[in-house]
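Asker: For reference, this is query.cif, and it has mmCIF, C-alpha atoms and all ligand atoms.
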```
data_model
loop_
_atom_site.label_atom_id
_atom_site.label_comp_id
_atom_site.auth_asym_id
_atom_site.auth_seq_id
_atom_site.Cartn_x
_atom_site.Cartn_y
_atom_site.Cartn_z
CA MET A 1 -12.62 16.94 -10.41
CA SER A 2 -9.62 18.63 -8.87
CA ILE A 3 -8.01 21.46 -10.76
CA LEU A 4 -4.70 21.34 -8.94
CA PRO A 5 -1.99 22.30 -11.43
CA LEU A 6 0.61 19.68 -12.22
CA PRO A 7 4.23 20.65 -11.58
CA SER A 8 6.05 21.50 -14.79
CA ASP A 9 9.48 20.48 -13.43
CA PRO A 10 10.42 17.91 -10.81
CA PRO A 11 10.24 19.76 -7.49
CA PRO A 12 13.59 20.51 -5.81
CA LEU A 13 12.78 18.23 -2.89
CA PHE A 14 13.25 15.33 -5.28
CA LYS A 15 16.50 16.39 -6.90
CA ASP A 16 18.03 12.96 -6.22
CA LEU A 17 15.09 11.24 -7.82
CA LEU A 18 14.76 10.73 -11.54
CA VAL A 19 11.21 11.91 -12.29
CA GLU A 20 9.92 11.01 -15.72
CA PRO A 21 6.27 11.99 -16.16
CA GLU A 22 4.51 9.91 -18.76
CA GLU A 23 1.18 9.42 -20.51
CA ALA A 24 -0.05 5.96 -19.58
CA ARG A 25 -1.86 3.77 -22.09
CA SER A 26 -3.84 1.87 -19.43
CA ILE A 27 -4.63 2.43 -15.77
CA LEU A 28 -6.70 -0.53 -14.52
CA ARG A 29 -4.94 -3.86 -14.20
CA PRO A 30 -7.50 -6.68 -13.89
CA GLN A 31 -6.95 -9.21 -11.10
CA LYS A 32 -8.66 -12.42 -12.09
CA ASP A 33 -7.59 -14.45 -9.05
CA GLU A 34 -10.44 -14.00 -6.56
CA ARG A 35 -8.18 -14.82 -3.63
CA TYR A 36 -6.75 -11.33 -3.91
CA GLY A 37 -10.13 -9.86 -3.09
CA PHE A 38 -10.16 -7.08 -5.64
CA GLY A 39 -11.03 -6.80 -9.28
CA PHE A 40 -8.57 -4.14 -10.38
CA ALA A 41 -5.24 -2.73 -9.27
CA LEU A 42 -4.72 0.94 -9.90
CA SER A 43 -1.24 2.50 -9.79
CA PRO A 44 -0.98 6.25 -10.50
CA TYR A 45 2.83 5.97 -10.62
CA ARG A 46 5.40 3.57 -12.03
CA GLY A 47 8.35 3.09 -9.76
CA CYS A 48 8.36 3.99 -6.09
CA GLY A 49 10.35 6.66 -4.29
CA HIS A 50 10.30 4.61 -1.09
CA GLY A 51 12.66 2.12 -2.68
CA CYS A 52 12.33 -0.51 0.05
CA ARG A 53 15.30 -2.83 -0.11
CA TYR A 54 13.20 -6.00 -0.07
CA CYS A 55 10.54 -4.81 -2.50
CA TYR A 56 9.52 -7.59 -4.85
CA VAL A 57 8.77 -5.07 -7.58
CA ARG A 58 12.48 -4.35 -7.93
CA GLU A 59 12.79 -7.80 -9.53
CA TYR A 60 10.44 -6.85 -12.35
CA PRO A 61 12.12 -6.55 -15.74
CA ASN A 62 11.57 -2.79 -15.99
CA ALA A 63 12.53 -1.96 -12.38
CA LEU A 64 16.06 -0.93 -13.28
CA HIS A 65 15.58 2.19 -15.23
CA GLY A 66 17.98 4.72 -16.63
CA PRO A 67 20.56 6.03 -14.20
CA GLY A 68 18.38 5.37 -11.15
CA ASP A 69 18.20 2.09 -9.29
CA TRP A 70 14.96 0.86 -7.70
CA GLY A 71 13.69 3.76 -5.64
CA GLY A 72 15.75 6.20 -7.69
CA TRP A 73 13.18 6.84 -10.42
CA VAL A 74 9.45 7.40 -10.61
CA ALA A 75 7.19 7.90 -13.59
CA PRO A 76 4.02 9.78 -12.61
CA LYS A 77 1.19 8.83 -14.96
CA LEU A 78 0.00 12.32 -15.73
CA ASN A 79 -3.20 11.23 -17.43
CA ALA A 80 -4.14 8.66 -14.77
CA PRO A 81 -7.30 10.47 -13.55
CA GLU A 82 -8.59 11.17 -17.05
CA LEU A 83 -7.83 7.62 -18.16
CA LEU A 84 -9.63 6.28 -15.10
CA TRP A 85 -12.63 8.50 -15.83
CA SER A 86 -12.77 7.13 -19.37
CA GLN A 87 -12.76 3.57 -17.93
CA ARG A 88 -15.32 4.13 -15.19
CA HIS A 89 -17.87 1.82 -16.88
CA ARG A 90 -15.60 -1.10 -15.88
CA LEU A 91 -15.81 -0.28 -12.21
CA HIS A 92 -19.42 -1.10 -11.43
CA ALA A 93 -19.61 -3.22 -8.25
CA GLN A 94 -15.86 -3.73 -8.34
CA ARG A 95 -13.19 -3.39 -5.68
CA VAL A 96 -10.08 -1.41 -6.59
CA PHE A 97 -6.73 -1.89 -4.88
CA MET A 98 -4.59 1.22 -4.85
CA ALA A 99 -1.83 0.66 -5.44
CA SER A 100 0.14 -2.36 -6.46
CA ALA A 101 3.79 -2.04 -7.45
CA THR A 102 4.03 1.49 -6.06
CA ASP A 103 2.99 3.50 -3.01
CA PRO A 104 0.13 5.89 -3.82
CA TYR A 105 1.35 8.25 -1.09
CA GLN A 106 5.05 8.28 -1.86
CA PRO A 107 6.63 11.76 -1.59
CA LEU A 108 5.87 12.80 -5.18
CA GLU A 109 2.16 12.65 -4.39
CA ARG A 110 2.63 15.83 -2.37
CA GLN A 111 3.12 17.68 -5.66
CA TYR A 112 1.45 15.56 -8.33
CA ARG A 113 -1.77 14.65 -6.49
CA LEU A 114 -2.43 11.84 -8.92
CA SER A 115 -3.67 9.45 -6.25
CA ARG A 116 -6.00 12.12 -4.94
CA ARG A 117 -7.40 12.85 -8.37
CA CYS A 118 -7.92 9.14 -9.03
CA LEU A 119 -9.76 8.88 -5.71
CA GLU A 120 -11.95 11.79 -6.78
CA VAL A 121 -12.93 9.77 -9.83
CA LEU A 122 -13.60 6.66 -7.74
CA LEU A 123 -15.77 8.67 -5.38
CA LEU A 124 -18.05 9.34 -8.33
CA CYS A 125 -18.45 5.58 -8.93
CA PRO A 126 -21.02 4.78 -6.22
CA THR A 127 -20.79 0.99 -6.37
CA THR A 128 -17.01 0.82 -6.34
CA GLU A 129 -15.06 -0.11 -3.21
CA VAL A 130 -11.51 1.03 -2.65
CA ILE A 131 -8.56 -0.28 -0.67
CA VAL A 132 -5.77 2.28 -0.27
CA HIS A 133 -2.49 0.72 0.79
CA THR A 134 0.48 2.81 1.87
CA ARG A 135 3.46 3.21 4.16
CA SER A 136 3.07 6.93 4.45
CA PRO A 137 1.25 9.37 6.71
CA LEU A 138 0.99 11.56 3.61
CA VAL A 139 -2.34 9.78 3.17
CA LEU A 140 -3.66 12.19 5.81
CA GLN A 141 -3.53 15.06 3.34
CA ASP A 142 -6.64 13.50 1.78
CA LEU A 143 -8.44 12.72 5.02
CA ASP A 144 -11.66 14.53 4.05
CA LEU A 145 -11.77 12.81 0.70
CA LEU A 146 -11.20 9.40 2.28
CA ARG A 147 -14.00 10.06 4.75
CA ALA A 148 -16.36 10.93 1.93
CA PHE A 149 -16.28 7.30 0.79
CA GLY A 150 -17.85 6.08 4.04
CA ASP A 151 -17.58 2.32 4.35
CA ARG A 152 -16.69 1.91 0.69
CA LEU A 153 -13.03 2.58 1.52
CA SER A 154 -10.42 1.16 3.85
CA VAL A 155 -6.80 2.10 4.38
CA GLY A 156 -4.06 -0.45 4.90
CA LEU A 157 -0.95 0.87 6.62
CA SER A 158 2.13 -1.26 6.19
CA ILE A 159 4.15 -1.49 9.42
CA PRO A 160 6.56 -4.43 9.02
CA THR A 161 8.43 -3.90 12.31
CA ASP A 162 8.03 -2.18 15.66
CA ASP A 163 11.66 -1.04 15.60
CA ASP A 164 12.50 2.11 13.66
CA THR A 165 16.20 1.22 13.59
CA VAL A 166 15.22 -1.88 11.59
CA ARG A 167 13.09 0.32 9.34
CA GLN A 168 16.05 2.64 8.76
CA THR A 169 17.97 -0.31 7.32
CA VAL A 170 15.27 -2.01 5.27
CA GLU A 171 13.13 0.98 4.22
CA PRO A 172 15.52 3.92 4.60
CA ARG A 173 13.47 6.27 2.42
CA ALA A 174 10.07 5.38 3.83
CA PRO A 175 8.43 7.28 6.72
CA ALA A 176 9.39 6.46 10.31
CA ILE A 177 7.35 3.87 12.18
CA PRO A 178 6.01 6.29 14.85
CA SER A 179 4.60 8.50 12.10
CA ARG A 180 2.72 5.50 10.69
CA TRP A 181 1.17 4.72 14.06
CA ALA A 182 0.11 8.34 14.33
CA ALA A 183 -1.43 8.14 10.87
CA ALA A 184 -3.34 4.97 11.78
CA GLU A 185 -4.72 6.68 14.87
CA ARG A 186 -5.84 9.76 12.98
CA LEU A 187 -7.51 7.73 10.27
CA ALA A 188 -9.30 5.51 12.77
CA THR A 189 -10.37 8.50 14.84
CA ALA A 190 -11.81 10.02 11.66
CA GLY A 191 -13.96 6.91 11.26
CA ILE A 192 -11.97 5.33 8.45
CA GLN A 193 -11.52 1.57 8.52
CA VAL A 194 -7.82 0.85 9.06
CA SER A 195 -5.90 -2.37 8.71
CA ILE A 196 -2.29 -2.81 9.82
CA GLY A 197 -0.18 -4.84 7.41
CA VAL A 198 2.80 -6.41 9.16
CA ALA A 199 4.28 -7.24 5.83
CA PRO A 200 6.67 -8.28 4.77
CA LEU A 201 7.54 -9.19 8.33
CA MET A 202 10.89 -7.81 9.46
CA ALA A 203 12.73 -8.23 12.76
CA VAL A 204 10.51 -7.35 15.71
CA HIS A 205 11.79 -6.07 19.05
CA ASP A 206 8.83 -6.88 21.33
CA VAL A 207 6.18 -9.04 19.72
CA GLN A 208 3.47 -8.67 22.36
CA ALA A 209 3.91 -4.91 22.65
CA PHE A 210 3.88 -4.64 18.85
CA ALA A 211 0.55 -6.44 18.61
CA ARG A 212 -0.93 -4.37 21.43
CA ARG A 213 0.28 -1.18 19.73
CA ALA A 214 -1.49 -2.20 16.55
CA ARG A 215 -4.69 -2.81 18.49
CA SER A 216 -4.48 0.47 20.39
CA SER A 217 -4.01 2.40 17.13
CA GLY A 218 -7.71 1.93 16.45
CA ALA A 219 -7.14 -0.43 13.53
CA SER A 220 -9.97 -2.90 13.07
CA SER A 221 -7.75 -5.65 11.70
CA ALA A 222 -4.17 -6.67 11.10
CA TRP A 223 -2.43 -9.21 8.98
CA VAL A 224 1.03 -10.69 9.02
CA GLY A 225 2.85 -11.71 5.87
CA GLY A 226 6.20 -13.44 5.74
CA LEU A 227 9.00 -12.35 3.44
CA ARG A 228 9.80 -14.61 0.54
CA LEU A 229 13.08 -14.29 -1.26
CA LEU A 230 15.03 -16.26 -3.78
CA LYS A 231 18.26 -17.63 -2.29
CA GLN A 232 20.40 -15.39 -4.47
CA ASP A 233 18.48 -12.24 -3.56
CA PRO A 234 20.97 -9.61 -2.31
CA PHE A 235 18.57 -8.76 0.51
CA CYS A 236 19.52 -12.12 2.10
CA LYS A 237 22.94 -10.61 2.82
CA VAL A 238 21.33 -7.59 4.48
CA LEU A 239 19.40 -9.95 6.74
CA ALA A 240 22.46 -12.08 7.46
CA ASP A 241 24.66 -9.06 8.22
CA HIS A 242 22.17 -7.84 10.82
CA GLY A 243 21.31 -11.22 12.31
CA TRP A 244 17.76 -11.07 10.98
CA LEU A 245 17.60 -14.28 8.94
CA LYS A 246 14.96 -15.48 11.41
CA VAL A 247 12.36 -13.49 9.45
CA LEU A 248 12.59 -16.21 6.79
CA ASP A 249 11.74 -18.89 9.35
CA PRO A 250 8.06 -19.97 9.09
CA ASP A 251 7.96 -20.55 12.87
CA TYR A 252 8.99 -16.97 13.49
CA VAL A 253 6.18 -15.78 11.26
CA LYS A 254 3.74 -18.10 13.03
CA GLY A 255 4.70 -16.68 16.42
CA ILE A 256 4.10 -13.10 15.32
CA ARG A 257 0.85 -14.08 13.65
CA GLN A 258 -0.35 -15.75 16.84
CA ALA A 259 0.44 -12.66 18.91
CA PHE A 260 -1.67 -10.56 16.56
CA ARG A 261 -4.49 -13.10 16.59
CA GLU A 262 -4.69 -12.75 20.34
CA VAL A 263 -5.35 -9.01 20.15
CA PHE A 264 -7.43 -9.06 16.94
CA PRO A 265 -9.63 -12.05 17.77
CA VAL A 266 -12.54 -11.12 15.51
CA ARG A 267 -12.10 -11.48 11.78
CA ARG A 268 -13.02 -8.29 10.00
CA ARG A 269 -16.16 -8.35 7.93
CA THR A 270 -16.04 -6.91 4.48
CA PRO A 271 -18.13 -3.75 4.15
CA GLU A 272 -21.70 -4.03 2.98
CA ARG A 273 -22.16 -3.30 -0.68
CA PRO A 274 -24.28 -0.35 -1.79
CA GLU A 275 -27.94 -1.30 -2.27
CA ASN A 276 -27.83 -0.87 -6.01
CA ALA A 277 -24.89 -3.19 -6.53
CA VAL A 278 -25.81 -6.18 -8.67
CA ALA A 279 -22.80 -8.40 -8.14
CA PRO A 280 -22.74 -10.99 -5.32
CA PRO A 281 -20.80 -10.04 -2.16
CA PRO A 282 -17.04 -9.98 -2.76
CA PRO A 283 -14.67 -12.47 -1.19
CA PRO A 284 -12.78 -11.33 1.95
CA ILE A 285 -10.02 -8.88 1.22
CA HIS A 286 -6.76 -10.68 0.60
CA GLN A 287 -3.62 -8.71 0.05
CA PRO A 288 -1.58 -9.39 -3.05
CA GLY A 289 1.51 -11.41 -3.54
CA LEU A 290 3.47 -12.25 -0.49
CA PHE A 291 0.97 -11.81 2.24
CA ASP A 292 -1.40 -13.84 4.38
CA ARG A 293 -3.89 -12.15 6.65
CA VAL A 294 -4.99 -12.64 10.24
CA GLY A 295 -7.64 -10.78 12.17
S1 LIG A 301 6.50 1.24 -0.62
FE1 LIG A 301 5.81 -0.71 -1.51
S2 LIG A 301 6.06 -0.49 -3.73
FE2 LIG A 301 7.25 1.12 -2.74
S3 LIG A 301 9.32 0.30 -2.59
FE3 LIG A 301 8.27 -0.12 -0.64
S4 LIG A 301 7.41 -2.18 -0.88
FE4 LIG A 301 7.93 -1.44 -2.95
#
```
Represent the structure contained in this file as structure tokens.
Ligand code: SF4

Answerer:
Amino acid sequence: MSILPLPSDPPPLFKDLLVEPEEARSILRPQKDERYGFGFALSPYRGCGHGCRYCYVREYPNALHGPGDWGGWVAPKLNAPELLWSQRHRLHAQRVFMASATDPYQPLERQYRLSRRCLEVLLLCPTTEVIVHTRSPLVLQDLDLLRAFGDRLSVGLSIPTDDDTVRQTVEPRAPAIPSRWAAAERLATAGIQVSIGVAPLMAVHDVQAFARRARSSGASSAWVGGLRLLKQDPFCKVLADHGWLKVLDPDYVKGIRQAFREVFPVRRRTPERPENAVAPPPPPIHQPGLFDRVG
């Protein structure tokens, strides 16, 4: 187990972020719907410093919190690794998705290292598979740890657009698109299975070049997921103001999906389970909520 000290005060880098460390009562959220392709979701934080403007989590009842709006507050679950260790008996032959409703490599992870310490626990569970899903190249700070999982772990990098000016509008606090491509390349070069998540799909500048870029990153698969919004969602106005309402058009999504199918023609196989696993092979990985996969 890591013995990295936890910060006693919110670090100055995050002075505009309300940081409210907490002791969580539970850490593994069961996912009973097999279509999702994982048995448990694990979120070391509540809230998300990336604060994407379309994020479906912001609609959750507890998303508005104190003086901060969505993206303006984060609650690190200080006891997440210890809680996970105490629950490790539940993880035999299970697949864990990390994380839902937050980004495990949001900026606070640089100081708190809760995702890392949870991964250290998961590494000690030899029949457990892990999907790490993030928008951030900060995941590279744990490259050696990720490699130690071998084919028990894959990393999904969310890249919803090829155009960083679009990203600056829809995900202004999240890392720039070129840095995500660079992260995908480094992970793939290190032998880690990478999937590109074009989700939720935003406006794309050059569809064919986008798909080729995903392929050349070394990713072994990609998936495209359309954005779904309620009509009264304020993000509709953002889309309308920028002329991007097309992202809600199913035909637009289909076109992007087809372009990715052409460069990722072979559907990814799920990794082999460890020999001592007793459960039957898991269903193909399916991302949660809004997304449909290709490749
Ligand atoms: S990174 Fe994910 S969880 Fe965080 S705000 Fe963006 S969409 Fe929501």

Asker: Region 47-61 of chain A: which residues within 9 Å, counting all atoms listed in the file, same-chain residues fewer than 6 positions away excluded, as a PyMOL selection string?

Answerer: chain A and resi 17+69-76+101-104+106-108+135+169-175+200+227-229+233-235+238+289-290

Asker: Report, in Å to a single decimal, how far apart atom FE1 of ligand LIG 301 (chain A) and CA of Leu143 (chain A) are.

Answerer: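 Here the two named atoms are 20.6 Å from each other.
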
Asker: With all atoms listed in the file as the basis for distance, which of A:Leu83, A:Leu187, A:Leu124, A:Val130 is at the shortest distance from Ala41 (chain A)?

Answerer: A:Val130

Asker: How many Å lie between CA of Leu18 (chain A) and CA of Arg110 (chain A), rounded to one decimal?

Answerer: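 It comes out at 16.0 Å.
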
Asker: How many Å separate CA of Gln208 (chain A) from CA of Arg180 (chain A)?

Answerer: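 So the answer is 18.4 Å.
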
Asker: Around ligand LIG 301 (chain A), fit a box with edges along x, y and z, padding it by 3 Å on each side, then list its centre and edge lengths in Å to one decimal as JSON.

Answerer:
```
{"center_x": 7.6, "center_y": -0.5, "center_z": -2.2, "size_x": 9.5, "size_y": 9.4, "size_z": 9.1}
```

Asker: Nearest to ligand LIG 301 (chain A): which of A:Val198, A:Ala188, A:Ala93, A:Leu114 is it, counting all atoms listed in the file?

Answerer: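 Between A:Val198, A:Ala188, A:Ala93, A:Leu114, the residue approaching ligand LIG 301 (chain A) most closely is A:Val198.
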
Asker: Hey, which of A:Val155, A:Arg147, A:Pro137, A:Ser86 ends up closest to Val121 (chain A)? Count all atoms listed in the file.

Answerer: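 Selected residue with least distance to Val121 (chain A): A:Ser86.
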
Asker: Can you tell me, as a CSV table (one decimal) with C-alpha atoms, in the coordinates of the input, what residues are no more than 12 Å from Lys32 (chain A) when counting all atoms listed in the file, ignoring any on the same chain fewer than 4 positions away?

Answerer:
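Listed below is the output, around-v1.csv:
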```csv
chain,number,residue,atom,x,y,z
A,36,TYR,CA,-6.8,-11.3,-3.9
A,37,GLY,CA,-10.1,-9.9,-3.1
A,38,PHE,CA,-10.2,-7.1,-5.6
A,39,GLY,CA,-11.0,-6.8,-9.3
A,40,PHE,CA,-8.6,-4.1,-10.4
A,41,ALA,CA,-5.2,-2.7,-9.3
A,94,GLN,CA,-15.9,-3.7,-8.3
A,95,ARG,CA,-13.2,-3.4,-5.7
A,288,PRO,CA,-1.6,-9.4,-3.0
```

Asker: From the options A:Ala80, A:Val247, A:Ala214, A:Cys125, which residue's atoms come nearest to Phe260 (chain A), counting only C-alpha atoms?

Answerer: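 Smallest distance to Phe260 (chain A) is found for A:Ala214.
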
Asker: Could you name the residues that touch Ala209 (chain A) at 12 Å or less, counting only C-alpha atoms, but leaving out those on the same chain fewer than 6 positions away, as number ranges by chain?

Answerer: A: 161-163, 215-216, 256, 259-260, 262-263

Asker: Give as an NGL selection string every residue, naming chains and numbers as the document does, that has an atom within 10 Å of (15.6, -5.0, 17.5), counting all atoms listed in the file.

Answerer: :A and (161-166 or 202-206 or 242-244)

Asker: Given all atoms listed in the file as the basis, pick out the residue of A:Gly218, A:Gly226, A:Gly156, A:Pro126 nearest to Leu91 (chain A).

Answerer: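 Of all the options, A:Pro126 lies closest to Leu91 (chain A).
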
Asker: Nearest to Val207 (chain A): which of A:Trp223, A:Phe97, A:Trp85, A:Tyr252 is it, counting all atoms listed in the file?

Answerer: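 Among A:Trp223, A:Phe97, A:Trp85, A:Tyr252, it is A:Tyr252 that comes nearest to Val207 (chain A).
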